[in-house]
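J.: Below is the file protein-v8.csv, which contains CSV, C-alpha atoms.
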chain,number,residue,atom,x,y,z
A,1,MET,CA,-15.9,-25.3,0.4
A,2,LYS,CA,-15.4,-23.1,-2.7
A,3,THR,CA,-12.3,-21.7,-4.4
A,4,ILE,CA,-11.8,-17.9,-4.5
A,5,GLN,CA,-11.6,-16.3,-7.9
A,6,GLY,CA,-8.7,-14.2,-9.0
A,7,PRO,CA,-6.4,-12.5,-9.2
A,8,ALA,CA,-8.3,-9.3,-10.2
A,9,ILE,CA,-7.5,-5.6,-10.0
A,10,PHE,CA,-9.5,-2.5,-9.2
A,11,LEU,CA,-8.8,0.0,-12.0
A,12,ALA,CA,-9.6,3.2,-10.2
A,13,GLN,CA,-6.1,4.0,-8.9
A,14,PHE,CA,-4.5,3.3,-12.3
A,15,MET,CA,-6.5,5.3,-14.8
A,16,GLY,CA,-4.6,8.3,-16.2
A,17,ASP,CA,-3.9,10.4,-19.2
A,18,GLU,CA,-1.2,8.3,-20.7
A,19,ALA,CA,-1.2,4.8,-22.2
A,20,PRO,CA,-1.9,2.1,-21.2
A,21,PHE,CA,-4.0,3.7,-18.5
A,22,ASN,CA,-6.2,6.0,-20.7
A,23,SER,CA,-8.6,3.6,-22.4
A,24,LEU,CA,-10.5,0.4,-21.6
A,25,ASP,CA,-8.8,-1.6,-24.3
A,26,SER,CA,-5.2,-0.6,-23.4
A,27,VAL,CA,-5.7,-1.0,-19.6
A,28,CYS,CA,-7.3,-4.4,-20.0
A,29,GLN,CA,-4.4,-5.5,-22.2
A,30,TRP,CA,-2.0,-4.3,-19.5
A,31,ALA,CA,-3.8,-6.1,-16.7
A,32,ALA,CA,-4.1,-9.3,-18.6
A,33,GLY,CA,-0.4,-9.1,-19.4
A,34,LEU,CA,0.4,-9.0,-15.7
A,35,GLY,CA,-1.6,-12.2,-15.1
A,36,TYR,CA,-4.9,-10.7,-13.8
A,37,GLU,CA,-8.1,-12.6,-14.7
A,38,GLY,CA,-10.7,-9.9,-13.7
A,39,VAL,CA,-11.1,-6.2,-13.5
A,40,GLN,CA,-13.3,-4.1,-11.1
A,41,ILE,CA,-14.6,-1.1,-12.9
A,42,PRO,CA,-15.0,2.4,-11.4
A,43,THR,CA,-18.3,3.6,-12.9
A,44,TRP,CA,-17.4,7.3,-12.7
A,45,ASP,CA,-14.7,7.0,-15.4
A,46,ALA,CA,-16.5,7.4,-18.8
A,47,ARG,CA,-13.5,5.8,-20.6
A,48,LEU,CA,-14.4,2.5,-19.0
A,49,ILE,CA,-18.2,2.5,-18.9
A,50,ASP,CA,-21.2,4.7,-19.6
A,51,LEU,CA,-23.2,3.9,-16.5
A,52,LYS,CA,-26.6,5.2,-17.6
A,53,THR,CA,-26.4,3.3,-20.9
A,54,ALA,CA,-25.3,0.1,-19.1
A,55,ALA,CA,-28.3,0.4,-16.9
A,56,GLU,CA,-30.7,0.8,-19.8
A,57,SER,CA,-29.1,-1.4,-22.5
A,58,LYS,CA,-28.4,-5.1,-22.3
A,59,ALA,CA,-26.9,-5.0,-25.8
A,60,TYR,CA,-24.4,-2.3,-24.6
A,61,CYS,CA,-23.4,-4.5,-21.6
A,62,ASP,CA,-23.0,-7.6,-23.8
A,63,ASP,CA,-20.7,-5.6,-26.0
A,64,LEU,CA,-18.7,-4.4,-23.0
A,65,ILE,CA,-18.4,-8.0,-21.7
A,66,GLY,CA,-17.1,-9.0,-25.2
A,67,LYS,CA,-14.5,-6.3,-25.3
A,68,ILE,CA,-13.1,-7.3,-21.9
A,69,ASP,CA,-13.4,-11.0,-22.7
A,70,ASP,CA,-11.2,-10.4,-25.8
A,71,HIS,CA,-8.4,-9.9,-23.3
A,72,GLY,CA,-9.2,-13.0,-21.3
A,73,LEU,CA,-10.7,-11.0,-18.5
A,74,SER,CA,-14.0,-10.9,-16.6
A,75,ILE,CA,-15.7,-8.0,-14.9
A,76,THR,CA,-15.7,-8.8,-11.2
A,77,GLU,CA,-17.9,-5.9,-9.9
A,78,LEU,CA,-18.8,-2.3,-10.7
A,79,SER,CA,-17.8,0.3,-8.2
A,80,THR,CA,-19.7,3.4,-7.1
A,81,HIS,CA,-17.4,4.5,-4.2
A,82,LEU,CA,-17.5,8.1,-5.2
A,83,GLN,CA,-21.2,8.2,-5.8
A,84,GLY,CA,-22.0,6.2,-2.7
A,85,GLN,CA,-20.1,8.7,-0.6
A,86,LEU,CA,-22.5,11.4,-1.8
A,87,VAL,CA,-25.6,9.6,-0.6
A,88,ALA,CA,-24.9,11.2,2.8
A,89,VAL,CA,-22.6,14.1,3.3
A,90,HIS,CA,-22.3,16.2,6.5
A,91,PRO,CA,-22.3,20.0,5.6
A,92,ALA,CA,-18.8,20.3,6.9
A,93,TYR,CA,-17.6,18.4,3.9
A,94,ASP,CA,-19.9,19.9,1.2
A,95,ALA,CA,-17.2,21.9,-0.5
A,96,MET,CA,-14.7,19.1,-0.7
A,97,PHE,CA,-17.2,16.5,-1.9
A,98,ASP,CA,-18.7,18.6,-4.6
A,99,GLY,CA,-15.7,17.6,-6.7
A,100,PHE,CA,-17.1,14.0,-6.8
A,101,ALA,CA,-20.2,15.2,-8.6
A,102,PRO,CA,-20.9,17.0,-11.9
A,103,ALA,CA,-20.7,20.8,-12.0
A,104,GLU,CA,-24.4,21.3,-12.4
A,105,VAL,CA,-25.1,20.1,-8.8
A,106,HIS,CA,-22.2,21.9,-7.1
A,107,GLY,CA,-23.3,24.0,-4.2
A,108,ASN,CA,-26.7,22.2,-4.1
A,109,PRO,CA,-26.5,19.3,-1.6
A,110,LYS,CA,-30.1,18.2,-2.3
A,111,ALA,CA,-29.5,17.9,-6.0
A,112,ARG,CA,-26.1,16.3,-5.4
A,113,THR,CA,-27.7,13.6,-3.2
A,114,GLU,CA,-30.4,13.0,-5.8
A,115,TRP,CA,-27.8,12.6,-8.5
A,116,ALA,CA,-25.9,10.1,-6.3
A,117,VAL,CA,-29.0,8.0,-5.5
A,118,GLN,CA,-29.8,7.8,-9.3
A,119,GLN,CA,-26.2,6.7,-9.9
A,120,LEU,CA,-26.5,3.9,-7.4
A,121,LYS,CA,-29.8,2.7,-8.9
A,122,TRP,CA,-28.2,2.7,-12.3
A,123,GLY,CA,-25.3,0.8,-10.8
A,124,ALA,CA,-27.6,-2.0,-9.6
A,125,GLN,CA,-29.3,-2.2,-13.0
A,126,ALA,CA,-26.0,-2.2,-14.9
A,127,SER,CA,-24.7,-4.9,-12.6
A,128,LYS,CA,-27.8,-7.0,-13.5
A,129,ASN,CA,-27.3,-6.4,-17.2
A,130,LEU,CA,-23.7,-7.5,-16.9
A,131,GLY,CA,-24.6,-10.7,-15.0
A,132,LEU,CA,-22.9,-9.6,-11.8
A,133,LYS,CA,-23.9,-10.6,-8.3
A,134,SER,CA,-22.0,-8.1,-6.2
A,135,HIS,CA,-21.4,-4.3,-6.4
A,136,VAL,CA,-18.9,-2.3,-4.2
A,137,THR,CA,-19.5,1.2,-2.8
A,138,PHE,CA,-19.3,3.5,0.2
A,139,SER,CA,-22.1,4.4,2.6
A,140,GLY,CA,-21.4,8.2,3.0
A,141,ALA,CA,-21.4,9.8,6.4
A,142,LEU,CA,-23.5,12.1,8.5
A,143,LEU,CA,-22.0,11.3,11.9
A,144,TRP,CA,-18.2,11.2,11.2
A,145,PRO,CA,-17.5,14.7,12.6
A,146,PHE,CA,-18.9,13.4,15.9
A,147,LEU,CA,-16.8,10.2,16.1
A,148,TYR,CA,-14.9,11.2,19.2
A,149,PRO,CA,-17.5,12.5,21.8
A,150,TRP,CA,-16.1,15.8,22.9
A,151,PRO,CA,-18.2,17.8,23.6
A,152,GLN,CA,-20.4,15.0,24.6
A,153,ARG,CA,-22.8,14.0,21.8
A,154,PRO,CA,-26.4,15.0,22.3
A,155,ALA,CA,-28.6,12.1,23.4
A,156,GLY,CA,-30.0,10.3,20.4
A,157,LEU,CA,-27.7,11.9,17.9
A,158,VAL,CA,-26.2,8.5,16.7
A,159,GLU,CA,-29.6,6.9,16.5
A,160,THR,CA,-31.0,9.8,14.4
A,161,GLY,CA,-27.9,9.7,12.1
A,162,PHE,CA,-28.3,5.9,11.5
A,163,LYS,CA,-32.0,6.2,11.0
A,164,GLU,CA,-31.5,8.8,8.3
A,165,LEU,CA,-28.7,6.9,6.7
A,166,ALA,CA,-30.8,3.8,6.5
A,167,ALA,CA,-33.8,5.7,5.2
A,168,ARG,CA,-31.6,7.1,2.3
A,169,TRP,CA,-30.3,3.7,1.4
A,170,LYS,CA,-33.4,1.6,1.7
A,171,PRO,CA,-34.9,2.6,-1.7
A,172,ILE,CA,-31.5,2.0,-3.3
A,173,LEU,CA,-31.1,-1.4,-1.7
A,174,ASP,CA,-34.6,-2.3,-2.8
A,175,VAL,CA,-33.5,-1.7,-6.4
A,176,PHE,CA,-30.4,-3.9,-5.8
A,177,ASP,CA,-32.8,-6.6,-4.5
A,178,GLU,CA,-35.0,-6.3,-7.5
A,179,CYS,CA,-31.9,-6.8,-9.6
A,180,GLY,CA,-30.5,-9.7,-7.6
A,181,VAL,CA,-27.3,-7.9,-6.7
A,182,ASP,CA,-25.6,-7.4,-3.4
A,183,ALA,CA,-24.5,-3.9,-2.4
A,184,CYS,CA,-21.2,-4.3,-0.6
A,185,TYR,CA,-20.0,-1.5,1.6
A,186,GLU,CA,-16.3,-0.9,2.0
A,187,LEU,CA,-16.1,-0.3,5.8
A,188,HIS,CA,-13.7,2.7,5.8
A,189,PRO,CA,-12.8,5.5,8.2
A,190,GLY,CA,-14.6,8.6,7.0
A,191,GLU,CA,-17.7,6.6,6.4
A,192,ASP,CA,-20.4,6.1,9.0
A,193,LEU,CA,-20.0,2.4,8.2
A,194,HIS,CA,-16.4,1.8,9.2
A,195,ASP,CA,-16.3,-1.3,11.4
A,196,GLY,CA,-18.5,-4.2,12.5
A,197,ALA,CA,-20.4,-2.3,15.2
A,198,THR,CA,-21.5,0.5,12.8
A,199,PHE,CA,-22.4,-2.0,10.1
A,200,GLU,CA,-24.6,-3.9,12.6
A,201,MET,CA,-26.4,-0.7,13.6
A,202,PHE,CA,-27.1,0.2,9.9
A,203,VAL,CA,-28.4,-3.3,9.2
A,204,ASP,CA,-30.6,-3.1,12.3
A,205,TYR,CA,-32.2,0.1,11.1
A,206,LEU,CA,-32.8,-1.6,7.7
A,207,ASP,CA,-34.6,-4.5,9.4
A,208,GLY,CA,-31.8,-6.9,8.2
A,209,HIS,CA,-32.1,-6.0,4.6
A,210,PRO,CA,-30.5,-8.9,2.7
A,211,ARG,CA,-28.7,-6.8,0.1
A,212,ALA,CA,-26.7,-4.7,2.7
A,213,ASN,CA,-23.4,-6.6,2.6
A,214,ILE,CA,-19.6,-6.0,3.0
A,215,ASN,CA,-16.7,-5.4,0.7
A,216,TYR,CA,-14.0,-6.9,3.1
A,217,ASP,CA,-10.8,-4.8,3.2
A,218,PRO,CA,-8.4,-5.7,6.0
A,219,SER,CA,-6.2,-2.6,5.5
A,220,HIS,CA,-8.8,-0.4,7.1
A,221,PHE,CA,-9.1,-2.7,10.1
A,222,VAL,CA,-5.3,-2.7,10.7
A,223,LEU,CA,-5.3,1.1,10.9
A,224,GLN,CA,-8.1,0.9,13.5
A,225,CYS,CA,-6.4,-1.9,15.5
A,226,LEU,CA,-9.5,-4.1,14.8
A,227,ASP,CA,-9.1,-7.9,14.8
A,228,TYR,CA,-9.6,-8.5,11.0
A,229,LEU,CA,-9.6,-12.3,11.3
A,230,ALA,CA,-12.2,-12.4,14.1
A,231,PHE,CA,-14.2,-10.0,11.9
A,232,ILE,CA,-14.5,-12.8,9.2
A,233,ASP,CA,-15.8,-15.2,11.9
A,234,LEU,CA,-18.5,-12.7,12.9
A,235,TYR,CA,-19.6,-11.4,9.5
A,236,HIS,CA,-18.7,-14.0,6.9
A,237,ASP,CA,-22.4,-14.4,5.9
A,238,ARG,CA,-22.4,-10.7,4.7
A,239,ILE,CA,-18.9,-10.7,3.0
A,240,LYS,CA,-19.7,-10.7,-0.7
A,241,ALA,CA,-16.6,-8.8,-2.1
A,242,PHE,CA,-12.9,-8.7,-1.2
A,243,HIS,CA,-10.3,-6.0,-1.6
A,244,VAL,CA,-6.8,-7.4,-1.2
A,245,LYS,CA,-4.9,-4.4,0.3
A,246,ASP,CA,-2.1,-4.3,2.7
A,247,ALA,CA,-1.3,-1.9,5.6
A,248,GLU,CA,0.8,-1.4,8.6
A,249,PHE,CA,0.4,0.3,12.0
A,250,ASN,CA,3.5,1.4,13.8
A,251,PRO,CA,2.6,3.6,16.8
A,252,THR,CA,5.3,5.8,18.2
A,253,GLY,CA,5.8,8.0,21.3
A,254,SER,CA,4.3,10.9,19.3
A,255,GLN,CA,1.4,9.5,17.4
A,256,GLY,CA,-1.1,6.6,17.2
A,257,VAL,CA,-4.3,5.8,15.4
A,258,TYR,CA,-5.1,9.5,14.6
A,259,SER,CA,-1.6,10.0,13.1
A,260,GLY,CA,-1.2,13.6,14.2
A,261,PHE,CA,-2.3,15.2,10.8
A,262,GLN,CA,0.8,13.8,9.2
A,263,GLY,CA,1.1,13.0,5.5
A,264,TRP,CA,0.8,9.3,4.5
A,265,VAL,CA,4.5,8.6,4.5
A,266,ASN,CA,4.8,9.8,8.1
A,267,ARG,CA,1.7,8.3,9.6
A,268,ALA,CA,1.8,5.6,12.2
A,269,GLY,CA,-0.9,3.8,10.1
A,270,ARG,CA,-0.4,3.7,6.4
A,271,PHE,CA,-1.4,1.7,3.3
A,272,ARG,CA,1.3,-0.5,1.7
A,273,SER,CA,1.6,-2.7,-1.4
A,274,LEU,CA,0.9,-6.4,-1.0
A,275,GLY,CA,3.5,-8.2,1.1
A,276,ASP,CA,5.0,-4.9,2.4
A,277,GLY,CA,2.6,-4.5,5.3
A,278,GLN,CA,1.4,-6.4,8.3
A,279,VAL,CA,-1.7,-8.1,7.0
A,280,ASP,CA,-1.8,-11.9,7.5
A,281,PHE,CA,-3.2,-12.8,4.1
A,282,SER,CA,-2.6,-16.5,4.5
A,283,SER,CA,-5.0,-16.6,7.4
A,284,ILE,CA,-7.5,-14.4,5.6
A,285,PHE,CA,-7.6,-16.6,2.5
A,286,SER,CA,-7.9,-19.6,4.7
A,287,LYS,CA,-10.9,-18.2,6.6
A,288,LEU,CA,-12.7,-17.0,3.6
A,289,SER,CA,-12.2,-20.4,1.9
A,290,GLN,CA,-13.4,-22.1,5.1
A,291,TYR,CA,-16.6,-20.0,5.0
A,292,ASP,CA,-17.3,-20.7,1.3
A,293,TYR,CA,-16.5,-17.2,-0.1
A,294,ASP,CA,-16.4,-17.8,-3.8
A,295,GLY,CA,-16.2,-14.2,-5.1
A,296,TRP,CA,-13.2,-12.4,-6.4
A,297,ALA,CA,-9.9,-11.4,-4.7
A,298,VAL,CA,-9.4,-7.9,-6.1
A,299,LEU,CA,-6.2,-5.9,-5.7
A,300,GLU,CA,-6.7,-2.4,-4.6
A,301,TRP,CA,-3.4,-0.6,-4.9
A,302,GLU,CA,-2.7,2.2,-2.4
A,303,CYS,CA,0.8,2.6,-1.2
A,304,CYS,CA,2.7,5.7,0.0
A,305,ILE,CA,6.1,4.3,-1.1
A,306,LYS,CA,5.9,1.9,-4.0
A,307,SER,CA,4.8,2.8,-7.5
A,308,PRO,CA,1.4,1.6,-8.8
A,309,GLU,CA,3.1,-0.2,-11.7
A,310,GLN,CA,5.3,-2.2,-9.4
A,311,GLY,CA,2.5,-2.8,-6.9
A,312,ALA,CA,0.3,-4.1,-9.7
A,313,GLU,CA,3.0,-6.3,-11.2
A,314,GLU,CA,3.8,-7.9,-7.8
A,315,GLY,CA,0.2,-8.1,-6.7
A,316,ALA,CA,-1.0,-10.5,-9.4
A,317,GLN,CA,1.4,-13.2,-8.4
A,318,PHE,CA,0.9,-12.4,-4.7
A,319,ILE,CA,-2.9,-13.0,-4.9
A,320,ALA,CA,-2.4,-16.1,-7.1
A,321,ASP,CA,0.0,-17.6,-4.6
A,322,HIS,CA,-2.6,-17.1,-1.8
A,323,ILE,CA,-5.7,-18.5,-3.5
A,324,ILE,CA,-6.4,-21.9,-2.1
A,325,GLU,CA,-7.7,-24.7,-4.3
A,326,VAL,CA,-10.1,-26.1,-1.8
A,327,THR,CA,-10.0,-29.8,-1.2
A,328,GLU,CA,-12.8,-32.2,-2.1
A,329,LYS,CA,-11.2,-35.0,-0.2
A,330,ALA,CA,-10.8,-35.5,3.5
A,331,PHE,CA,-7.1,-36.1,4.4
A,332,ASP,CA,-8.0,-39.1,6.7
A,333,ASP,CA,-10.3,-40.8,4.2
A,334,PHE,CA,-7.8,-43.6,3.8
A,335,ALA,CA,-8.3,-44.6,7.5
A,336,GLY,CA,-12.1,-44.8,7.2
A,337,GLY,CA,-13.5,-48.3,8.0
A,338,GLY,CA,-17.1,-47.8,7.0
A,339,SER,CA,-19.9,-48.6,9.5
A,340,ASP,CA,-23.6,-48.9,10.1
A,341,GLU,CA,-25.8,-48.4,13.1
A,342,ALA,CA,-25.2,-51.9,14.4
A,343,PHE,CA,-21.5,-51.5,14.1
A,344,ASN,CA,-21.6,-48.1,15.9
A,345,ARG,CA,-23.5,-49.6,18.8
A,346,LYS,CA,-20.9,-52.4,19.0
A,347,VAL,CA,-18.1,-49.9,19.1
A,348,LEU,CA,-19.8,-48.1,22.0
A,349,GLY,CA,-20.3,-51.4,23.8
A,350,LEU,CA,-24.1,-51.1,23.6
Before anything else, please render the file you have as structure tokens.

T.:
Amino acid sequence: MKTIQGPAIFLAQFMGDEAPFNSLDSVCQWAAGLGYEGVQIPTWDARLIDLKTAAESKAYCDDLIGKIDDHGLSITELSTHLQGQLVAVHPAYDAMFDGFAPAEVHGNPKARTEWAVQQLKWGAQASKNLGLKSHVTFSGALLWPFLYPWPQRPAGLVETGFKELAARWKPILDVFDECGVDACYELHPGEDLHDGATFEMFVDYLDGHPRANINYDPSHFVLQCLDYLAFIDLYHDRIKAFHVKDAEFNPTGSQGVYSGFQGWVNRAGRFRSLGDGQVDFSSIFSKLSQYDYDGWAVLEWECCIKSPEQGAEEGAQFIADHIIEVTEKAFDDFAGGGSDEAFNRKVLGL
């Protein structure tokens, strides 16, 4: 067994216009001061990384590693969640998702997709130059508007959607493979990859591509009423990244999984800061350790009640308290008597 690395923190939800959240140096100093050992970097924030330059220049990446190391931190993974979302967008969402891309591709879905694909390829190359083994992202979605089958979906619609999604991702995943980096999809409602069944379909259409992997985030499974512990048993071979995020699901007589179009505070299912929700993290860390997960445990703060500053401060110690230093010694070694084949046959009366 192997020991999980951490605590680490995803910087996306913390960056802002005021110090310490407005520069790489100041946000790293802040994170290190809270006890974090790693940072997960959103690649769409130019204050943290120039993705194109990182993909093309090992010297730039060495300098970036050095700046972060000066604060006693490591880069855990790069994130292309926003860009990955744009690899596949149903036309119903075009206007809303244009905001994730530069202005020059707004109103042009084809150009926007091409931009996103290039971003992902740069993400793979930048990860290689930074010496990283995993990368976190979203899959995008063509089928999400058809999740609940009314009117009944046309025969073959799901198959056509997954075939197209796989075709768009295959060239990207091939670049990840060339770079020796795993692409880890956060299985998230709103994405075509949002649970184990959809991930399996995707991998099947990719003929089992080895670089199609999972960023495990139990919060999204709580809100779907999915068994997030059994999920680890089923898919641990593909879990290569880990977002530590809490959630709760409290159905009422008036709403359930779909939450009745309510705002986050009033939803039956909502994200919470670590320790404030219902996720059994002790069991999660035990299972991941059992299955030799040796990647990072990365806080993703999203909470509809608690401030990000308090969530981050509490989260570092929460993760540290849950990391298991795995044993190299069997608890019953003291009772071992030693044996050989002859002795074993004697014990069995043979």

J.: Find the residues around Ala268 (chain A) up to 6 Å (only C-alpha atoms counted), leave out those fewer than 6 positions away in its own chain, and share them as a PyMOL selection string.

T.: chain A and resi 249-251+256+259

J.: Write out as JSON, numbers by chain the residues lying within 6 Å of Pro7 (chain A), counting all atoms listed in the file and excluding same-chain residues fewer than 2 positions away.

T.: {"A": [36, 37, 297, 316, 319, 320]}

J.: Dump C-alpha atoms for the selected residues as an mmCIF file, keeping the file's coordinate frame?

T.:
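Final output, saved to part_18.cif:
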data_model
loop_
_atom_site.group_PDB
_atom_site.id
_atom_site.type_symbol
_atom_site.label_atom_id
_atom_site.label_comp_id
_atom_site.auth_asym_id
_atom_site.auth_seq_id
_atom_site.Cartn_x
_atom_site.Cartn_y
_atom_site.Cartn_z
ATOM 1 C CA TYR A 36 -4.900 -10.700 -13.800
ATOM 2 C CA GLU A 37 -8.100 -12.600 -14.700
ATOM 3 C CA ALA A 297 -9.900 -11.400 -4.700
ATOM 4 C CA ALA A 316 -1.000 -10.500 -9.400
ATOM 5 C CA ILE A 319 -2.900 -13.000 -4.900
ATOM 6 C CA ALA A 320 -2.400 -16.100 -7.100
#

J.: Counting only C-alpha atoms, what is within 7 Å of Phe271 (chain A), bar same-chain residues fewer than 5 positions away, as a VMD selection string?

T.: chain A and resid 219 246 to 248 302 to 304

J.: Within 12 Å of Gly99 (chain A), counting only C-alpha atoms, which residues show up once you throw out same-chain ones fewer than 4 positions away? Write them as a list in words, please.

T.: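 Close residues of Gly99 (chain A): Leu82, Gln83, Gln85, Leu86, Tyr93, Asp94, Ala95, Ala103, Glu104, Val105, His106, Gly107 and Arg112 of chain A.
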
J.: Figure out the distance between CA of His188 (chain A) and CA of Thr252 (chain A), please, to one decimal in Å.

T.: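 Answer for the CA of Thr252 (chain A) to CA of His188 (chain A) separation: 22.9 Å.
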
J.: Kindly indicate which residue among A:Gln290, A:Ser282, A:Gln29, A:Ser74 lies nearest to Ala8 (chain A), using all atoms listed in the file for the distances.

T.: A:Ser74

J.: With distances taken over only C-alpha atoms, which of A:Asp332, A:Met201, A:Gly38, A:Asp182 is nearest to Gly6 (chain A)?

T.: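 Result for the nearest residue to Gly6 (chain A): A:Gly38.
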
J.: Rounded to one decimal in Å, what is the spacing between CA of Leu229 (chain A) and CA of Val244 (chain A)?

T.: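 Straight-line distance from CA of Leu229 (chain A) to CA of Val244 (chain A) works out to 13.7 Å.
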
J.: So that I can see what lies close to Glu200 (chain A), please list as a list in words the residues with an atom at most 12 Å from it, counting all atoms listed in the file and leaving out residues fewer than 5 positions away in the same chain.

T.: Phe162, Ala166, Leu187, Asp192, Leu193, His194, Asp195, Tyr205, Leu206, Asp207, Gly208, His209, Ala212, Asn213, Ile214, Leu234, Tyr235 and Arg238 of chain A

J.: Find the residue from A:Asn215, A:Gln255, A:Thr3, A:Ser283 that sits nearest to Ala230 (chain A); use all atoms listed in the file when measuring.

T.: A:Ser283

J.: Select, from A:Lys240, A:Gly295, A:Val279, A:Glu300, the residue with the minimum atom-to-atom distance to Cys225 (chain A), counting only C-alpha atoms.

T.: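 Nearest to Cys225 (chain A): A:Val279.
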
J.: So how many Å separate CA of Leu51 (chain A) and CA of Ser26 (chain A), to one decimal?

T.: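 Result for CA of Leu51 (chain A) versus CA of Ser26 (chain A): 19.8 Å, one decimal.
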
J.: Given the point (-28.5, -7.4, -12.9) in the file's coordinates, find the residues that have an atom at most 12 Å from it, counting only C-alpha atoms, and give them as a PyMOL selection string.

T.: chain A and resi 54-58+61+77-78+121-135+175-183
